[in-house]
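Presented below is the structure to which this report refers.
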Amino acid sequence: MGICLFINPIKGAGDDLPDIGSHAPNTAFVDQYDLDKTDLSQFAALILPAHIDQRFLGTRSDQITTFLDQGGTLVFNGHVAWPMLPELKPFVPLERQSLENLMIYRVNHHPVFDGVDCNDLTFKRGVAGFYARGSNPPPVDAIPLHVLGKEQLVCDWLYERPKGGRILMHSGNDLWMYIGSQNSTSRVVPQLCAWAGGE
Amino acid sequence: MGKLAIIDTGTYYHHRVIHEDRFGHFFDQAIYIRDLCKTDLSDITTLIVPCRTDPAHLVAHRKLFADFLNDGKTVVAMGSTGPDKWLDDISWRFTPTNFWWWKEGGSLNLEIAEPEHSLFDYVKLADATWHHHGLLTPPAGATSLINANKAGSIFYDDRVTSPGRKIVTTLDPMYHHGNHFMPATSRFLDGFLPWLKSQ
């Protein structure tokens with residue numbers, strides 16, 4: 001299985017940012033500003049946390065494009081504010097953040113979410129809105145995976161690039177917020193690392 | 001009126017605060033964090049370090065902040081920035097963050113410590129009430145504005161430990177407003193930023 005390179009999230013942010021730690025066997029880590037010194041060809045996937053300097057990533061777009069062109073997998077968490085690749089467009093929030101609009105619906109199956117109940121994605125301790133509150137708009141040929149509410153805003157999508165490589169988009173909090181969860185969402189991290197690693 | 005500058009770490013949540021309509025007009029200058037050391041601060045009178053700026057990226061600028069204060073200017077340190085690591089005379093301690101008090105029927109037990117302070121012409125206690133990341137012990141002579149649980153301060157105003165002024169809080173409104181999450185945080189900024197401009 002290939003190695004997934006996680007960009008470390010920022011430090012000193014309190015006690016609510018889980019570390020991927022040892023929850024998957026095929027992980028490696030690098031600080032964001034060391035990306036320019038990192039040979040990405042040794043990794044199967046580059047996994048970006050929501051807490052990242054997107055302006056800096058914009059300076060690495062050639063490096064990331066080459067990585068994708070060579071068949072790499074990019075996993076993006078968070079809202080796109082500074083689009084660093086042509087496939088990424090700025091985040092569009094839900095117009096109305098009502099409960100019905102915050103409901104998560106699966107529109108296509110994907111191994112990362114195999115066996116994960118959409119209700120467990122929608123609600124955390126009975127509260128909706130932790131998973132996603134809008135959409136990083138997908139490219140035309142992307143496959144939507146999860147949508148939000150009646151607006152059917154696509155919050156998760158998969159895009160197989162014509163030039164090679166693939167992008168898994170999650171327009172919300174880091175998917176590894178589910179580490180240690182007591183419901184079906186505990187499947188997300190191991191399945192994410194297995195899929196991104198090319199299992 | 002002095003000039004208000006804010007550090008931009010390139011995260012999407014800072015983007016929403018600094019570069020979008022609702023609050024962007026309050027800032028006379030946005031300083032990208034990687035450009036801080038080469039930025040001329042001579043006409044800036046107030047420098048805001050927004051919540052969740054990684055302290056690892058601020059420690060290197062410890063002298064810059066000290067010099068800024070020695071010039072009689074104001075530094076605003078928001079929550080989850082580890083200000084004890086890059087400012088003098090800061091006493092912060094970790095406390096578990098209570099995210100769920102509103103769901104569990106409890107209270108954060110916040111109280112206004114200095115009702116006559118001008119901040120409260122702009123900000124209501126209810127709009128400062130979501131959670132906080134740790135507690136502060138204000139230095140002797142500084143003024144705590146909001147206390148929590150009678151155990152420490154979550155917002156204080158220090159005009160005594162330097163020729164300038166330190167406004168220090170453990171609240172993280174920029175992060176949550178930037179996430180389209182927790183409306184109180186947006187309302188807090190609706191009052192807090194005009195108050196800062198009025199100083």
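Labels used: A, B, ... for chains in the order of the structure tokens, numbers from 1 for residues in each chain, and numbers from 1 for ligands as shown.
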
Task: Distance-based interface of chain B with chain A, 9 Å, counting only C-alpha atoms, as a ChimeraX atom specification - done: /B:9-13,15-16,32,34,51-56,79-82,94,96-97,103,133-134,179-181

Write the residues of the selection above to a file with C-alpha atoms, as a JSON list (two decimals), in the first residue's frame.
```json
[["chain", "number", "residue", "atom", "x", "y", "z"],
["B", 9, "THR", "CA", -2.32, 33.23, 7.81],
["B", 10, "GLY", "CA", -3.78, 32.13, 4.48],
["B", 11, "THR", "CA", -6.41, 29.92, 6.06],
["B", 12, "TYR", "CA", -9.94, 29.95, 4.67],
["B", 13, "TYR", "CA", -11.41, 31.17, 7.95],
["B", 15, "HIS", "CA", -9.97, 34.80, 4.39],
["B", 16, "ARG", "CA", -13.65, 35.13, 5.21],
["B", 32, "TYR", "CA", 0.37, 37.91, 5.13],
["B", 34, "ARG", "CA", 5.12, 35.14, 5.83],
["B", 51, "CYS", "CA", -7.53, 33.35, 16.38],
["B", 52, "ARG", "CA", -5.77, 30.12, 15.53],
["B", 53, "THR", "CA", -2.66, 31.71, 14.17],
["B", 54, "ASP", "CA", -0.02, 29.07, 14.82],
["B", 55, "PRO", "CA", 2.23, 30.35, 17.63],
["B", 56, "ALA", "CA", 5.14, 28.55, 15.98],
["B", 79, "GLY", "CA", -7.78, 32.90, 21.18],
["B", 80, "SER", "CA", -5.72, 29.83, 20.33],
["B", 81, "THR", "CA", -2.67, 31.83, 19.35],
["B", 82, "GLY", "CA", -0.49, 30.90, 22.34],
["B", 94, "PHE", "CA", -5.01, 25.23, 29.45],
["B", 96, "PRO", "CA", -10.62, 21.63, 28.72],
["B", 97, "THR", "CA", -12.86, 23.40, 26.25],
["B", 103, "LYS", "CA", -26.67, 21.25, 24.98],
["B", 133, "HIS", "CA", -9.72, 28.15, 24.90],
["B", 134, "GLY", "CA", -8.07, 28.30, 28.27],
["B", 179, "ASN", "CA", -16.52, 28.52, 9.28],
["B", 180, "HIS", "CA", -20.06, 29.89, 8.92],
["B", 181, "PHE", "CA", -20.59, 28.38, 12.34]]
```

Open item on the list: Would you pick out the contacts of Pro162 (chain A) at 12 Å or less, using only C-alpha atoms, so that residues sharing its chain but fewer than 3 positions from it are not included, and give the list as a list of chain:residue names?
Closed with: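 Residues near the query, excluding close chain neighbours: A:Leu68, A:Asp69, A:Gln70, A:Gly71, A:Glu87, A:Pro139, A:Asp141, A:Ala142, A:Tyr159, A:Gly165, A:Arg166, A:Ile167.
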
Task: helix (DSSP H, G or I) call set, DSSP backbone run, region 140-182 of chain A, as JSON, numbers by chain - done: {"A": [175, 176, 177, 178]}

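The smallest atom-to-atom distance between Asp121 (chain B) and any of B:Val76, B:Leu196, B:Leu36, B:Val160, using only C-alpha atoms, is found for B:Leu196.
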
TODO: Measuring atom to atom with only C-alpha atoms, identify which of B:Ile112, B:Ala140, B:Ile167, B:Val17 is nearest to Leu69 (chain B).
DONE: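 Once distances to Leu69 (chain B) are computed over only C-alpha atoms, the minimum belongs to B:Ile167.
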